[in-house]
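J.: Take this structure, written in structure tokens, and hold onto it; I'll ask about it next.
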Amino acid sequence: MKYPFLTELRGLLAYVACWTPLALVVGALSGSASALFLFALDWATGTRLTHPWLLALLPLAGFVVAWVYLKFGTQVEAGNNLLIDEIHDPKKMVPLRMAPLVLIGTVISHLFGASVGREGTAVQMGGALADQLTRIFKLTPENRRILLMSGLSAGFASIFGVPLAGSLFGLEVLAIGRLRYDALFPCLIAAVAADQVCLLWGAHHTHYVVGAIPAVSAWGMTATLLAGALFGITGMVFAQGTHRLTALLKRLLPYSPLRALVGGAVFALVAWLCHAERYLGLGVPVIVEAFQHPVLPWDFAAKLVATVASLASGFKGGEVTPLFFIGATLGNVLAPLLHMPIGLFAGLGLVAVFAGAANTPIASAVMAVELFGGEIGVYAAAACVMSWLFSGHTGIYKSQRVGGGKWRRFTEDVRVGDLTERK
């Protein structure tokens, strides 16, 4: 006599028993790496602020990092896109050198003033460290996919202190219109573990205060949807601008160290002439400012241009924190125009521009709840979904697949980068 329930239960217990320790190890490795990175980032930012003249050395710093990648890191140059490609189509293990190379490269970028973020570094370290377990435990290609997704979740969760959003990020970032629920449990355990380990090391995250959140109303939702559309268009401009300027500079300056040297020189000169210190590095103080009082109306555009130029020139880092800056300052500008609280719209912009640029509306809405509290949930969901729709079928991750699509169906499983190039 067969007992389907017992068979199912045995399989479930084996699944949990297998993935719990693996996910905990991934979380411990990623959380420790993120803590080290956050400490190094604080040092780099503090040193740059104390010694503003370091900006003059940005071209030389870019040249050195690009040369090191050219000699030792060509296999990992693709960064986050390499991890996404390996999850979709496993071929060979991610080299461990990805972790130290991107960590050192990003710290150098921030030390000398490039306008880059930190998420890319944390996610790459998490994925590279997680993939080393593939050889140790002799995992199958399918299990390796789940392991890499756990690494992505752990890195994102620990660098921003958002374990729930991190667990969803690893599932949602891979394809538009599809989620891999078979990886939900490992991603959740890895994300929570990474966040806790990072905190145990003494690393801290920035806290943002949105202030009073009005009750949901017809005008409140209308204003949120209107702003969400603008947030999405902004995310699309950021993604398209980064990809197109990168392609242009590669054609004009094929030698990557020279590209970083020239790009860094132009960036440093413009930043010095325009006194654009507030747009260097992460820009966290300006993000905090956007929640408190009106900021300069061109802050969001200036940060967008600075980050696109830095990334296209080849400086290492990420896109997410600059997207937070762009979104928070844009929301700050839109709030009085739409007769809504500045703090609320700064918070919505922070998560929604990222939602549109990365095509992760669910993770972004959950992140808003984790960062700002449950009362913002309905507004955040509306802004993130609207931004996601209006950002089109593009994004900051070119290896992301357009699976089910957004408002229209796709008959083929195409990469975002390939779809963009067809236009």
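Following the order of the structure tokens, first chain is A, next is B, and so on, with residues numbered from 1 inside each chain and ligands from 1 in the order they appear.
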What's around range 65-80 of chain A at 10 Å? Count only C-alpha atoms, leave out sequence neighbours fewer than 2 positions away in its own chain, and write the answer as a PyMOL selection string.
T.: chain A and resi 60-63+82-86+94-99+101-102+104-106+108-109+119-125+127-128+152+255-261+313-318+396-400
J.: Please, which residues of range 9-250 of chain A, numbered as in this document, come out helix (DSSP H, G or I) from DSSP, as JSON, numbers by chain?
T.: {"A": [9, 10, 11, 12, 13, 14, 15, 16, 17, 18, 19, 20, 21, 22, 23, 24, 25, 26, 27, 28, 29, 30, 31, 32, 33, 34, 35, 36, 37, 38, 39, 40, 41, 42, 43, 44, 45, 46, 47, 48, 49, 50, 52, 53, 54, 55, 56, 57, 58, 59, 60, 61, 62, 63, 64, 65, 66, 67, 68, 69, 70, 71, 72, 74, 75, 76, 80, 81, 82, 83, 84, 85, 86, 87, 88, 98, 99, 100, 101, 102, 103, 104, 105, 106, 107, 108, 109, 110, 111, 119, 120, 121, 122, 123, 124, 125, 126, 127, 128, 129, 130, 131, 132, 133, 134, 135, 136, 137, 141, 142, 143, 144, 145, 146, 147, 148, 149, 150, 151, 152, 153, 154, 155, 156, 157, 158, 159, 160, 163, 164, 165, 166, 167, 168, 169, 170, 171, 172, 181, 182, 183, 184, 185, 186, 187, 188, 189, 190, 191, 192, 193, 194, 195, 196, 197, 198, 199, 200, 218, 219, 220, 221, 222, 223, 224, 225, 226, 227, 228, 229, 230, 231, 232, 233, 234, 235, 236, 237, 238, 239, 240, 241, 242, 243, 244, 245, 246, 247, 248, 249, 250]}
J.: I'd like the neighbourhood of Ser34 in chain A as number ranges by chain, where a residue qualifies if any of its atoms comes within 6 Å (using only C-alpha atoms), though same-chain residues fewer than 3 positions away should be ignored.
T.: A: 31, 37, 122, 159
J.: Those residues with all heavy atoms, as a short mmCIF file (atom, residue, chain, number, x, y, z; two decimals), in the first residue's frame please?
T.:
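Writing the result to part_28.cif gives the following:
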```cif
data_model
loop_
_atom_site.label_atom_id
_atom_site.label_comp_id
_atom_site.auth_asym_id
_atom_site.auth_seq_id
_atom_site.Cartn_x
_atom_site.Cartn_y
_atom_site.Cartn_z
N GLY A 31 27.60 37.45 4.61
CA GLY A 31 27.47 38.46 5.66
C GLY A 31 28.81 38.97 6.14
O GLY A 31 28.99 40.17 6.38
N PHE A 37 33.35 44.74 3.66
CA PHE A 37 33.18 45.73 2.62
C PHE A 37 32.63 47.04 3.17
O PHE A 37 33.09 48.13 2.82
CB PHE A 37 32.25 45.16 1.54
CG PHE A 37 31.92 46.13 0.44
CD1 PHE A 37 32.91 46.86 -0.20
CD2 PHE A 37 30.60 46.30 0.02
CE1 PHE A 37 32.60 47.76 -1.22
CE2 PHE A 37 30.29 47.18 -0.99
CZ PHE A 37 31.29 47.91 -1.62
N ALA A 122 28.51 43.54 -3.33
CA ALA A 122 28.02 42.58 -2.35
C ALA A 122 27.42 41.35 -3.04
O ALA A 122 27.65 40.21 -2.61
CB ALA A 122 26.98 43.23 -1.45
N ILE A 159 24.03 43.80 2.59
CA ILE A 159 24.60 45.12 2.32
C ILE A 159 23.61 46.23 2.63
O ILE A 159 24.00 47.37 2.93
CB ILE A 159 25.06 45.21 0.84
CG1 ILE A 159 26.16 46.28 0.71
CG2 ILE A 159 23.90 45.51 -0.09
CD1 ILE A 159 27.44 45.95 1.40
#
```
J.: Using only C-alpha atoms, which residue out of A:Leu344, A:Leu9, A:Cys384, A:Leu58 lies closest to Tyr208 in chain A?
T.: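 Comparing A:Leu344, A:Leu9, A:Cys384, A:Leu58 against Tyr208 in chain A, the winner is A:Leu344.
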J.: Enter the distance from CA of Ser387 in chain A to CA of Gly155 in chain A, in Å, rounded to one decimal.
T.: 24.1 Å
J.: Between CA of Ala312 in chain A and CA of Ala363 in chain A, what is the spacing in Å?
T.: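 CA of Ala363 in chain A sits 26.3 Å away from CA of Ala312 in chain A.
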J.: Please indicate the distance in Å from CA of Val416 in chain A to CA of Thr394 in chain A, rounded to one decimal place.
T.: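 Calculated distance between CA of Val416 in chain A and CA of Thr394 in chain A is 5.6 Å.
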J.: May I have the residues within 8 Å of Ile376 in chain A as an MDAnalysis selection string, using only C-alpha atoms and disregarding those fewer than 5 positions away in the same chain?
T.: chainID A and resid 213 344 368:369
J.: May I have the selected residues written with all heavy atoms, as a compact mmCIF listing (two decimals), in the first residue's frame?
T.:
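Below is the file that was written, out15.txt:
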```txt
# COMPACT_ATOMS: atom_id res chain seq x y z
N ILE A 213 2.76 59.28 7.48
CA ILE A 213 2.25 58.75 6.21
C ILE A 213 0.73 58.90 6.20
O ILE A 213 0.04 58.37 7.07
CB ILE A 213 2.63 57.26 6.04
CG1 ILE A 213 4.15 57.11 6.04
CG2 ILE A 213 2.03 56.70 4.76
CD1 ILE A 213 4.62 55.68 5.97
N LEU A 344 7.50 60.97 2.50
CA LEU A 344 6.84 59.82 1.86
C LEU A 344 7.31 59.64 0.43
O LEU A 344 7.68 58.53 0.02
CB LEU A 344 5.32 60.02 1.88
CG LEU A 344 4.50 59.02 1.06
CD1 LEU A 344 4.67 57.61 1.59
CD2 LEU A 344 3.03 59.42 1.03
N ALA A 368 10.75 48.58 0.94
CA ALA A 368 10.17 49.80 1.50
C ALA A 368 9.57 49.55 2.87
O ALA A 368 9.74 50.35 3.81
CB ALA A 368 9.11 50.35 0.54
N VAL A 369 8.88 48.43 3.02
CA VAL A 369 8.28 48.09 4.32
C VAL A 369 9.37 47.85 5.36
O VAL A 369 9.26 48.28 6.52
CB VAL A 369 7.37 46.86 4.17
CG1 VAL A 369 6.90 46.38 5.53
CG2 VAL A 369 6.18 47.18 3.27
```
J.: Please determine, counting only C-alpha atoms, which residue among A:Ala175, A:Ala306, A:Leu55, A:Leu103 has the shortest atom-to-atom distance to Arg415 in chain A.
T.: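 Looking at the shortest contact to Arg415 in chain A, the residue is A:Ala175.
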J.: Residues within 10 Å of Leu29 in chain A, please, as a PyMOL selection string. Count only C-alpha atoms; anything in the same chain fewer than 4 positions from it doesn't count.
T.: chain A and resi 23-25+33-34+125-126+129-130+151+154-155+190+193-194+197-198
J.: Which residues come within 8 Å of Phe372 in chain A, counting only C-alpha atoms, excluding same-chain residues fewer than 5 positions away, as a list in words?
T.: Tyr208, Val209, Val210 and Gly347 of chain A
J.: Just C-alpha atoms for this one: save the residues we selected as a PDB file, in the first residue's frame.
T.:
```
ATOM      1  CA  TYR A 208      15.713  56.832   6.845  1.00  0.00           C
ATOM      2  CA  VAL A 209      12.714  58.545   8.473  1.00  0.00           C
ATOM      3  CA  VAL A 210       9.748  59.173   6.202  1.00  0.00           C
ATOM      4  CA  GLY A 347      10.936  56.976   0.291  1.00  0.00           C
TER       5      GLY A 347
END
```
J.: Of the candidates A:Gly403, A:Leu164, A:Ser364, A:Trp201, which shows the shortest atom-to-atom distance to Arg180 in chain A, using only C-alpha atoms?
T.: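 That would be A:Gly403, the residue with the smallest distance to Arg180 in chain A.
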